[in-house]
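Colleague: This one is final-v7.pdb, PDB, C-alpha atoms.
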```pdb
ATOM      1  CA  ASP A  11    -114.931 -42.252 -83.048
ATOM      2  CA  ALA A  12    -118.074 -40.243 -82.432
ATOM      3  CA  LYS A  13    -119.373 -38.465 -85.532
ATOM      4  CA  THR A  14    -120.710 -34.980 -86.095
ATOM      5  CA  THR A  15    -123.376 -33.741 -88.508
ATOM      6  CA  GLN A  16    -123.307 -30.239 -89.972
ATOM      7  CA  PRO A  17    -125.258 -28.519 -92.759
ATOM      8  CA  ASN A  18    -123.316 -28.443 -96.018
ATOM      9  CA  SER A  19    -123.647 -24.695 -96.459
ATOM     10  CA  MET A  20    -125.034 -21.539 -94.892
ATOM     11  CA  GLU A  21    -125.326 -17.918 -95.914
ATOM     12  CA  SER A  22    -125.119 -14.782 -93.833
ATOM     13  CA  ASN A  23    -125.136 -11.046 -94.363
ATOM     14  CA  GLU A  24    -122.154  -9.000 -93.331
ATOM     15  CA  GLU A  25    -122.274  -7.583 -89.796
ATOM     16  CA  GLU A  26    -125.078  -9.937 -88.756
ATOM     17  CA  PRO A  27    -124.682 -12.784 -86.261
ATOM     18  CA  VAL A  28    -124.212 -16.308 -87.574
ATOM     19  CA  HIS A  29    -125.204 -19.509 -85.781
ATOM     20  CA  LEU A  30    -123.519 -22.640 -87.121
ATOM     21  CA  PRO A  31    -125.113 -25.834 -85.762
ATOM     22  CA  CYS A  32    -123.514 -29.197 -85.106
ATOM     23  CA  ASN A  33    -125.170 -32.440 -84.000
ATOM     24  CA  HIS A  34    -123.168 -35.058 -82.123
ATOM     25  CA  SER A  35    -125.730 -37.412 -80.615
ATOM     26  CA  THR A  36    -123.166 -40.176 -79.896
ATOM     27  CA  ILE A  37    -120.794 -37.934 -77.942
ATOM     28  CA  SER A  38    -119.190 -39.577 -74.925
ATOM     29  CA  GLY A  39    -118.701 -37.966 -71.539
ATOM     30  CA  THR A  40    -115.000 -37.301 -72.173
ATOM     31  CA  ASP A  41    -115.252 -35.965 -75.746
ATOM     32  CA  TYR A  42    -114.266 -32.346 -76.259
ATOM     33  CA  ILE A  43    -116.032 -30.281 -78.930
ATOM     34  CA  HIS A  44    -113.651 -28.402 -81.215
ATOM     35  CA  TRP A  45    -114.306 -25.935 -84.009
ATOM     36  CA  TYR A  46    -111.793 -25.174 -86.727
ATOM     37  CA  ARG A  47    -112.195 -23.142 -89.878
ATOM     38  CA  GLN A  48    -110.404 -23.281 -93.203
ATOM     39  CA  LEU A  49    -110.070 -20.457 -95.682
ATOM     40  CA  PRO A  50    -109.542 -21.398 -99.339
ATOM     41  CA  SER A  51    -106.117 -22.930-100.051
ATOM     42  CA  GLN A  52    -104.976 -22.536 -96.446
ATOM     43  CA  GLY A  53    -104.533 -24.824 -93.484
ATOM     44  CA  PRO A  54    -107.305 -25.028 -90.889
ATOM     45  CA  GLU A  55    -107.302 -22.565 -88.011
ATOM     46  CA  TYR A  56    -108.446 -23.264 -84.466
ATOM     47  CA  VAL A  57    -111.556 -21.318 -83.472
ATOM     48  CA  ILE A  58    -112.752 -22.571 -80.092
ATOM     49  CA  HIS A  59    -113.306 -25.681 -77.995
ATOM     50  CA  GLY A  60    -115.412 -26.730 -75.015
ATOM     51  CA  LEU A  61    -116.475 -29.660 -72.875
ATOM     52  CA  THR A  62    -119.691 -28.853 -71.023
ATOM     53  CA  SER A  63    -120.011 -25.129 -70.402
ATOM     54  CA  ASN A  64    -120.478 -22.360 -72.948
ATOM     55  CA  VAL A  65    -117.221 -20.730 -73.998
ATOM     56  CA  ASN A  66    -116.289 -17.312 -75.346
ATOM     57  CA  ASN A  67    -113.103 -16.053 -76.960
ATOM     58  CA  ARG A  68    -112.108 -13.195 -79.209
ATOM     59  CA  MET A  69    -113.182 -15.059 -82.351
ATOM     60  CA  ALA A  70    -116.485 -16.658 -81.397
ATOM     61  CA  SER A  71    -118.751 -18.215 -78.793
ATOM     62  CA  LEU A  72    -119.596 -21.867 -78.353
ATOM     63  CA  ALA A  73    -122.993 -22.814 -76.975
ATOM     64  CA  ILE A  74    -123.273 -26.434 -75.827
ATOM     65  CA  ALA A  75    -126.650 -28.065 -75.242
ATOM     66  CA  GLU A  76    -127.340 -29.333 -71.754
ATOM     67  CA  ASP A  77    -127.353 -32.963 -72.956
ATOM     68  CA  ARG A  78    -124.216 -32.227 -75.054
ATOM     69  CA  LYS A  79    -125.763 -33.832 -78.121
ATOM     70  CA  SER A  80    -125.518 -30.618 -80.094
ATOM     71  CA  SER A  81    -123.590 -27.367 -80.104
ATOM     72  CA  THR A  82    -123.632 -24.049 -81.933
ATOM     73  CA  LEU A  83    -120.757 -21.869 -83.020
ATOM     74  CA  ILE A  84    -121.739 -18.209 -82.871
ATOM     75  CA  LEU A  85    -119.972 -15.507 -84.847
ATOM     76  CA  HIS A  86    -121.331 -12.300 -83.353
ATOM     77  CA  ARG A  87    -120.803 -10.032 -86.385
ATOM     78  CA  ALA A  88    -119.879 -11.794 -89.601
ATOM     79  CA  THR A  89    -117.318 -10.155 -91.846
ATOM     80  CA  LEU A  90    -116.300 -11.067 -95.384
ATOM     81  CA  ARG A  91    -113.128 -12.589 -93.909
ATOM     82  CA  ASP A  92    -115.259 -15.112 -92.004
ATOM     83  CA  ALA A  93    -116.236 -16.845 -95.245
ATOM     84  CA  ALA A  94    -114.705 -20.294 -94.817
ATOM     85  CA  VAL A  95    -115.432 -23.963 -94.202
ATOM     86  CA  TYR A  96    -116.211 -24.536 -90.521
ATOM     87  CA  TYR A  97    -115.521 -27.950 -89.025
ATOM     88  CA  CYS A  98    -117.087 -29.275 -85.830
ATOM     89  CA  ILE A  99    -114.901 -32.060 -84.407
ATOM     90  CA  LEU A 100    -115.055 -34.334 -81.382
ATOM     91  CA  SER A 101    -111.793 -35.368 -79.767
ATOM     92  CA  ASN A 102    -111.213 -37.739 -76.888
ATOM     93  CA  PRO A 103    -108.081 -37.935 -74.705
ATOM     94  CA  GLY A 104    -107.845 -41.602 -75.659
ATOM     95  CA  ASN A 105    -107.288 -40.561 -79.281
ATOM     96  CA  THR A 106    -104.003 -38.863 -78.396
ATOM     97  CA  GLY A 107    -104.972 -35.574 -80.000
ATOM     98  CA  LYS A 108    -106.247 -36.905 -83.307
ATOM     99  CA  LEU A 109    -108.867 -34.778 -85.023
ATOM    100  CA  ILE A 110    -111.404 -36.444 -87.317
ATOM    101  CA  PHE A 111    -112.555 -33.912 -89.910
ATOM    102  CA  GLY A 112    -115.968 -34.255 -91.573
ATOM    103  CA  GLN A 113    -117.232 -32.271 -94.557
ATOM    104  CA  GLY A 114    -117.852 -29.101 -92.568
ATOM    105  CA  THR A 115    -120.179 -26.183 -93.285
ATOM    106  CA  THR A 116    -119.275 -23.742 -96.035
ATOM    107  CA  LEU A 117    -120.218 -20.265 -94.841
ATOM    108  CA  GLN A 118    -120.859 -17.563 -97.407
ATOM    109  CA  VAL A 119    -120.978 -13.960 -96.200
ATOM    110  CA  LYS A 120    -122.756 -11.477 -98.416
ATOM    111  CA  PRO A 121    -121.887  -7.765 -98.336
TER
ATOM    112  CA  ASP B  30     -92.132 -15.820 -84.899
ATOM    113  CA  GLY B  31     -93.310 -19.212 -83.719
ATOM    114  CA  GLY B  32     -95.073 -21.345 -86.240
ATOM    115  CA  ILE B  33     -95.153 -24.300 -88.553
ATOM    116  CA  THR B  34     -93.721 -24.224 -92.046
ATOM    117  CA  GLN B  35     -94.159 -26.494 -95.028
ATOM    118  CA  SER B  36     -92.193 -26.467 -98.218
ATOM    119  CA  PRO B  37     -92.585 -26.240-101.073
ATOM    120  CA  LYS B  38     -96.026 -24.669-101.558
ATOM    121  CA  TYR B  39     -96.470 -26.346-104.942
ATOM    122  CA  LEU B  40     -94.773 -29.547-106.072
ATOM    123  CA  PHE B  41     -94.916 -31.377-109.366
ATOM    124  CA  ARG B  42     -93.612 -34.898-109.873
ATOM    125  CA  LYS B  43     -93.736 -37.580-112.504
ATOM    126  CA  GLU B  44     -95.676 -40.728-111.840
ATOM    127  CA  GLY B  45     -93.550 -43.413-110.191
ATOM    128  CA  GLN B  46     -91.220 -41.020-108.383
ATOM    129  CA  ASN B  47     -90.995 -40.784-104.618
ATOM    130  CA  VAL B  48     -91.288 -37.281-103.199
ATOM    131  CA  THR B  49     -90.624 -35.900 -99.705
ATOM    132  CA  LEU B  50     -92.643 -33.051 -98.203
ATOM    133  CA  SER B  51     -91.028 -30.958 -95.504
ATOM    134  CA  CYS B  52     -92.660 -29.903 -92.224
ATOM    135  CA  GLU B  53     -90.881 -27.918 -89.508
ATOM    136  CA  GLN B  54     -92.204 -26.372 -86.283
ATOM    137  CA  ASN B  55     -90.581 -24.136 -83.685
ATOM    138  CA  LEU B  56     -93.457 -24.258 -81.202
ATOM    139  CA  ASN B  57     -91.754 -26.897 -79.040
ATOM    140  CA  HIS B  58     -94.727 -29.205 -79.588
ATOM    141  CA  ASP B  59     -94.349 -32.892 -78.892
ATOM    142  CA  ALA B  60     -96.962 -34.070 -81.397
ATOM    143  CA  MET B  61     -97.001 -33.675 -85.164
ATOM    144  CA  TYR B  62     -99.545 -34.797 -87.738
ATOM    145  CA  TRP B  63     -99.889 -35.222 -91.502
ATOM    146  CA  TYR B  64    -103.245 -34.866 -93.228
ATOM    147  CA  ARG B  65    -104.370 -35.192 -96.814
ATOM    148  CA  GLN B  66    -107.202 -33.151 -98.325
ATOM    149  CA  ASP B  67    -108.895 -33.857-101.647
ATOM    150  CA  PRO B  68    -111.057 -31.227-103.408
ATOM    151  CA  GLY B  69    -114.294 -30.501-101.566
ATOM    152  CA  GLN B  70    -113.461 -32.950 -98.792
ATOM    153  CA  GLY B  71    -112.391 -32.747 -95.176
ATOM    154  CA  LEU B  72    -108.923 -33.670 -93.934
ATOM    155  CA  ARG B  73    -107.874 -37.298 -93.487
ATOM    156  CA  LEU B  74    -105.085 -38.350 -91.128
ATOM    157  CA  ILE B  75    -102.070 -40.062 -92.730
ATOM    158  CA  TYR B  76     -99.543 -40.415 -89.883
ATOM    159  CA  TYR B  77     -98.968 -38.880 -86.493
ATOM    160  CA  SER B  78     -96.162 -38.759 -83.984
ATOM    161  CA  GLN B  79     -96.489 -38.128 -80.247
ATOM    162  CA  ILE B  80     -92.769 -38.070 -79.509
ATOM    163  CA  VAL B  81     -89.376 -38.202 -81.206
ATOM    164  CA  ASN B  82     -88.504 -41.558 -82.787
ATOM    165  CA  ASP B  83     -92.093 -42.780 -82.568
ATOM    166  CA  PHE B  84     -95.022 -42.519 -84.976
ATOM    167  CA  GLN B  85     -98.310 -44.259 -85.726
ATOM    168  CA  LYS B  86    -100.379 -44.860 -88.834
ATOM    169  CA  GLY B  87    -103.487 -42.818 -89.315
ATOM    170  CA  ASP B  88    -106.509 -43.717 -91.400
ATOM    171  CA  ILE B  89    -104.843 -43.648 -94.846
ATOM    172  CA  ALA B  90    -101.162 -44.547 -94.312
ATOM    173  CA  GLU B  91    -100.762 -46.882 -97.295
ATOM    174  CA  GLY B  92     -98.235 -45.540 -99.797
ATOM    175  CA  TYR B  93     -96.756 -43.027 -97.339
ATOM    176  CA  SER B  94     -93.822 -43.086 -94.925
ATOM    177  CA  VAL B  95     -92.585 -40.693 -92.235
ATOM    178  CA  SER B  96     -89.686 -40.215 -89.839
ATOM    179  CA  ARG B  97     -89.362 -38.278 -86.590
ATOM    180  CA  GLU B  98     -85.661 -37.970 -85.831
ATOM    181  CA  LYS B  99     -85.961 -34.459 -84.402
ATOM    182  CA  LYS B 100     -88.699 -32.840 -82.344
ATOM    183  CA  GLU B 101     -89.114 -29.968 -84.775
ATOM    184  CA  SER B 102     -89.213 -31.977 -88.013
ATOM    185  CA  PHE B 103     -91.691 -34.533 -89.423
ATOM    186  CA  PRO B 104     -91.083 -35.155 -93.153
ATOM    187  CA  LEU B 105     -93.585 -37.132 -95.216
ATOM    188  CA  THR B 106     -92.540 -39.274 -98.178
ATOM    189  CA  VAL B 107     -95.131 -40.029-100.820
ATOM    190  CA  THR B 108     -93.983 -43.250-102.434
ATOM    191  CA  SER B 109     -94.747 -44.693-105.833
ATOM    192  CA  ALA B 110     -97.048 -47.158-104.060
ATOM    193  CA  GLN B 111     -99.557 -44.368-103.361
ATOM    194  CA  LYS B 112    -102.103 -44.870-106.132
ATOM    195  CA  ASN B 113    -103.556 -41.376-106.234
ATOM    196  CA  PRO B 114    -101.029 -38.964-104.695
ATOM    197  CA  THR B 115    -102.307 -35.701-106.196
ATOM    198  CA  ALA B 116    -103.760 -33.790-103.236
ATOM    199  CA  PHE B 117    -103.288 -30.947-100.753
ATOM    200  CA  TYR B 118    -101.056 -32.064 -97.864
ATOM    201  CA  LEU B 119    -101.252 -30.382 -94.463
ATOM    202  CA  CYS B 120     -98.927 -30.735 -91.518
ATOM    203  CA  ALA B 121     -99.933 -29.815 -87.977
ATOM    204  CA  SER B 122     -98.414 -29.784 -84.525
ATOM    205  CA  GLY B 123     -99.852 -29.758 -81.030
ATOM    206  CA  LYS B 124     -99.213 -30.627 -77.423
ATOM    207  CA  GLY B 125    -100.529 -34.069 -78.205
ATOM    208  CA  ARG B 126    -101.732 -36.205 -75.393
ATOM    209  CA  ARG B 127    -104.190 -33.688 -74.003
ATOM    210  CA  SER B 128    -106.868 -33.535 -76.676
ATOM    211  CA  TYR B 129    -108.215 -30.165 -75.630
ATOM    212  CA  ASN B 130    -105.063 -28.484 -76.889
ATOM    213  CA  GLU B 131    -105.355 -26.937 -80.316
ATOM    214  CA  GLN B 132    -103.489 -28.091 -83.369
ATOM    215  CA  PHE B 133    -101.562 -25.554 -85.404
ATOM    216  CA  PHE B 134    -101.543 -26.107 -89.144
ATOM    217  CA  GLY B 135     -98.986 -25.190 -91.760
ATOM    218  CA  PRO B 136     -99.885 -23.519 -95.059
ATOM    219  CA  GLY B 137     -99.909 -26.833 -96.932
ATOM    220  CA  THR B 138     -98.177 -28.324 -99.956
ATOM    221  CA  ARG B 139    -100.171 -28.925-103.119
ATOM    222  CA  LEU B 140     -98.739 -31.999-104.843
ATOM    223  CA  THR B 141     -99.530 -32.741-108.461
ATOM    224  CA  VAL B 142     -98.358 -35.977-110.032
ATOM    225  CA  LEU B 143     -98.201 -35.824-113.800
TER
END
```
So that I can check it, write out the structure of this file as structure tokens.

Modeller:
Amino acid sequence: DAKTTQPNSMESNEEEPVHLPCNHSTISGTDYIHWYRQLPSQGPEYVIHGLTSNVNNRMASLAIAEDRKSSTLILHRATLRDAAVYYCILSNPGNTGKLIFGQGTTLQVKP
Amino acid sequence: DGGITQSPKYLFRKEGQNVTLSCEQNLNHDAMYWYRQDPGQGLRLIYYSQIVNDFQKGDIAEGYSVSREKKESFPLTVTSAQKNPTAFYLCASGKGRRSYNEQFFGPGTRLTVL
């Protein structure tokens, strides 16, 4: 399974944009990039996913490097409710939907 | 409302006892998953099931057992063979074979073995 590397923690100010990086230099051509987040004492929540092109949804944007070896999750205006652990995960159709969670990035949002 | 439920939220058991954690979904998903999370760590896959009456071991299946007799239910039994069962257990469901489909997680069960 291809691995991802994320910073352990990041800080942001409320109402400012946040860019959460993820490195995945061993990504294969069929790996999808997923982002989930987990609030304290809750189950993870899907944020966004992509394959090659940048993606936008109501929660966030996903920017994927041209060589696909890195990606960035963008929260356009951080709120206190965005404070969570953010996981960047690669998933391949051959893995039948399995998600391999790393340590993630703990995002702190300051008022 | 569609969703995935786990019960109970908190569970206490004595060492040496088997315990079964419940997971139910009404999302009509084919696939269901069990994960374990230890403090400060990411999730690790215990078992998963792509279809009724079939399941596969994940990365840390030793000391656990599952069944999948109904599409909507995927109970996990933590047996006395699990050496360190105290953890946060999360169940998820998804469409399965197409990896770009999201997984939906339940609220989790926090198991403490005394």

Colleague: Using all atoms listed in the file, which of B:Gln70, B:Asn47, B:Ser36, B:Thr115 sits nearest chain A?

Modeller: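 Once distances to chain A are computed over all atoms listed in the file, the minimum belongs to B:Gln70.
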
Colleague: Distance cut-off 12 Å, counting all atoms listed in the file - which residues of chain B neighbour chain A? Return them as a VMD selection string.

Modeller: chain B and resid 33 to 35 38 to 39 59 to 80 84 to 88 116 to 139

Colleague: Can you measure CA of Leu49 (chain A) to CA of Arg42 (chain B) for me? One decimal in Å is fine.

Modeller: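 Answer for the CA of Leu49 (chain A) to CA of Arg42 (chain B) separation: 26.1 Å.
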
Colleague: What separation in Å, quoted to one decimal, exists between CA of Ser81 (chain A) and CA of His29 (chain A)?

Modeller: 9.8 Å

Colleague: Between CA of Leu117 (chain A) and CA of Ala75 (chain A), what distance in Å does the model show, to one decimal?

Modeller: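 Distance between the two atoms: 22.1 Å.
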
Colleague: How would you write, as a CSV table (one decimal) with C-alpha atoms, keeping the file's coordinate frame, the residues chosen by the PyMOL selection byres ((chain B and resi 109) around 6) on this structure?

Modeller:
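File written: selection-v5.csv
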```
chain,number,residue,atom,x,y,z
B,45,GLY,CA,-93.6,-43.4,-110.2
B,46,GLN,CA,-91.2,-41.0,-108.4
B,47,ASN,CA,-91.0,-40.8,-104.6
B,108,THR,CA,-94.0,-43.2,-102.4
B,110,ALA,CA,-97.0,-47.2,-104.1
B,111,GLN,CA,-99.6,-44.4,-103.4
```

Colleague: Go ahead and find all residues with at least one atom no further than 12 Å from (-123.5, -24.5, -97.7) in the file's coordinates, using all atoms listed in the file; report them as an MDAnalysis selection string.

Modeller: (chainID A and resid 16:22 30 93:96 113:119) or (chainID B and resid 69)

Colleague: Using the selection just defined, write its residues with C-alpha atoms as a PDB file, in the frame of the given file.

Modeller:
```pdb
ATOM      1  CA  GLN A  16    -123.307 -30.239 -89.972  1.00  0.00           C
ATOM      2  CA  PRO A  17    -125.258 -28.519 -92.759  1.00  0.00           C
ATOM      3  CA  ASN A  18    -123.316 -28.443 -96.018  1.00  0.00           C
ATOM      4  CA  SER A  19    -123.647 -24.695 -96.459  1.00  0.00           C
ATOM      5  CA  MET A  20    -125.034 -21.539 -94.892  1.00  0.00           C
ATOM      6  CA  GLU A  21    -125.326 -17.918 -95.914  1.00  0.00           C
ATOM      7  CA  SER A  22    -125.119 -14.782 -93.833  1.00  0.00           C
ATOM      8  CA  LEU A  30    -123.519 -22.640 -87.121  1.00  0.00           C
ATOM      9  CA  ALA A  93    -116.236 -16.845 -95.245  1.00  0.00           C
ATOM     10  CA  ALA A  94    -114.705 -20.294 -94.817  1.00  0.00           C
ATOM     11  CA  VAL A  95    -115.432 -23.963 -94.202  1.00  0.00           C
ATOM     12  CA  TYR A  96    -116.211 -24.536 -90.521  1.00  0.00           C
ATOM     13  CA  GLN A 113    -117.232 -32.271 -94.557  1.00  0.00           C
ATOM     14  CA  GLY A 114    -117.852 -29.101 -92.568  1.00  0.00           C
ATOM     15  CA  THR A 115    -120.179 -26.183 -93.285  1.00  0.00           C
ATOM     16  CA  THR A 116    -119.275 -23.742 -96.035  1.00  0.00           C
ATOM     17  CA  LEU A 117    -120.218 -20.265 -94.841  1.00  0.00           C
ATOM     18  CA  GLN A 118    -120.859 -17.563 -97.407  1.00  0.00           C
ATOM     19  CA  VAL A 119    -120.978 -13.960 -96.200  1.00  0.00           C
TER      20      VAL A 119
ATOM     21  CA  GLY B  69    -114.294 -30.501-101.566  1.00  0.00           C
TER      22      GLY B  69
END
```

Colleague: Starting from the point (-89.7, -29.9, -89.0), work out which residues of protein, DNA or RNA have an atom no more than 9 Å away when counting all atoms listed in the file; state them as a PyMOL selection string.

Modeller: chain B and resi 33-35+51-55+97+99-104

Colleague: So what does the PyMOL selection byres ((chain A and resi 84) around 6) actually pick up in this one, as a VMD selection string?

Modeller: chain A and resid 28 to 29 70 to 71 83 85 to 86

Colleague: Store the residues picked out above in a file with C-alpha atoms, as an mmCIF file, keeping the file's coordinate frame.

Modeller:
```
data_model
loop_
_atom_site.group_PDB
_atom_site.id
_atom_site.type_symbol
_atom_site.label_atom_id
_atom_site.label_comp_id
_atom_site.auth_asym_id
_atom_site.auth_seq_id
_atom_site.Cartn_x
_atom_site.Cartn_y
_atom_site.Cartn_z
ATOM 1 C CA VAL A 28 -124.212 -16.308 -87.574
ATOM 2 C CA HIS A 29 -125.204 -19.509 -85.781
ATOM 3 C CA ALA A 70 -116.485 -16.658 -81.397
ATOM 4 C CA SER A 71 -118.751 -18.215 -78.793
ATOM 5 C CA LEU A 83 -120.757 -21.869 -83.020
ATOM 6 C CA LEU A 85 -119.972 -15.507 -84.847
ATOM 7 C CA HIS A 86 -121.331 -12.300 -83.353
#
```

Colleague: Tell me which of B:Ile89, B:Leu105, B:Val95, B:Leu143 sits closest to Thr49 (chain B), counting all atoms listed in the file.

Modeller: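 Comparing B:Ile89, B:Leu105, B:Val95, B:Leu143 against Thr49 (chain B), the winner is B:Leu105.
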
Colleague: Neighbouring residues of Leu40 (chain B) were defined as those with any atom within 7 Å, considering all atoms listed in the file; residues of the same chain fewer than 3 positions away were excluded. Please report them as a CSV table (one decimal) with C-alpha atoms, in the frame of the given file.

Modeller:
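Result file out05.csv:
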```
chain,number,residue,atom,x,y,z
B,37,PRO,CA,-92.6,-26.2,-101.1
B,139,ARG,CA,-100.2,-28.9,-103.1
B,140,LEU,CA,-98.7,-32.0,-104.8
B,141,THR,CA,-99.5,-32.7,-108.5
```

Colleague: Will you model N, CA, C and O atoms for region 83-94 of chain B and pass it back as a compact mmCIF listing (two decimals), in the coordinates of the input?

Modeller:
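Result file selection-v8.txt:
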```txt
# COMPACT_ATOMS: atom_id res chain seq x y z
N ASP B 83 -90.89 -41.94 -82.64
CA ASP B 83 -92.09 -42.78 -82.57
C ASP B 83 -93.18 -42.17 -83.43
O ASP B 83 -93.36 -40.94 -83.44
N PHE B 84 -93.91 -43.01 -84.18
CA PHE B 84 -95.02 -42.52 -84.98
C PHE B 84 -96.01 -43.66 -85.20
O PHE B 84 -95.66 -44.84 -85.08
N GLN B 85 -97.24 -43.28 -85.51
CA GLN B 85 -98.31 -44.26 -85.73
C GLN B 85 -99.03 -43.98 -87.04
O GLN B 85 -99.13 -42.83 -87.47
N LYS B 86 -99.58 -45.01 -87.62
CA LYS B 86 -100.38 -44.86 -88.83
C LYS B 86 -101.71 -44.22 -88.50
O LYS B 86 -102.31 -44.50 -87.46
N GLY B 87 -102.16 -43.37 -89.41
CA GLY B 87 -103.49 -42.82 -89.32
C GLY B 87 -104.45 -43.65 -90.14
O GLY B 87 -104.26 -44.86 -90.31
N ASP B 88 -105.46 -43.00 -90.69
CA ASP B 88 -106.51 -43.72 -91.40
C ASP B 88 -106.14 -44.11 -92.83
O ASP B 88 -106.71 -45.03 -93.40
N ILE B 89 -105.17 -43.40 -93.43
CA ILE B 89 -104.84 -43.65 -94.85
C ILE B 89 -103.33 -43.71 -95.06
O ILE B 89 -102.79 -43.04 -95.91
N ALA B 90 -102.63 -44.52 -94.30
CA ALA B 90 -101.16 -44.55 -94.31
C ALA B 90 -100.57 -45.28 -95.52
O ALA B 90 -99.38 -45.10 -95.82
N GLU B 91 -101.32 -46.08 -96.21
CA GLU B 91 -100.76 -46.88 -97.30
C GLU B 91 -100.16 -46.01 -98.39
O GLU B 91 -100.81 -45.09 -98.90
N GLY B 92 -98.91 -46.31 -98.75
CA GLY B 92 -98.24 -45.54 -99.80
C GLY B 92 -97.48 -44.33 -99.28
O GLY B 92 -96.91 -43.57 -100.07
N TYR B 93 -97.47 -44.15 -97.97
CA TYR B 93 -96.76 -43.03 -97.34
C TYR B 93 -95.77 -43.55 -96.31
O TYR B 93 -95.96 -44.63 -95.76
N SER B 94 -94.72 -42.78 -96.03
CA SER B 94 -93.82 -43.09 -94.92
C SER B 94 -93.38 -41.78 -94.27
O SER B 94 -93.42 -40.72 -94.89
```
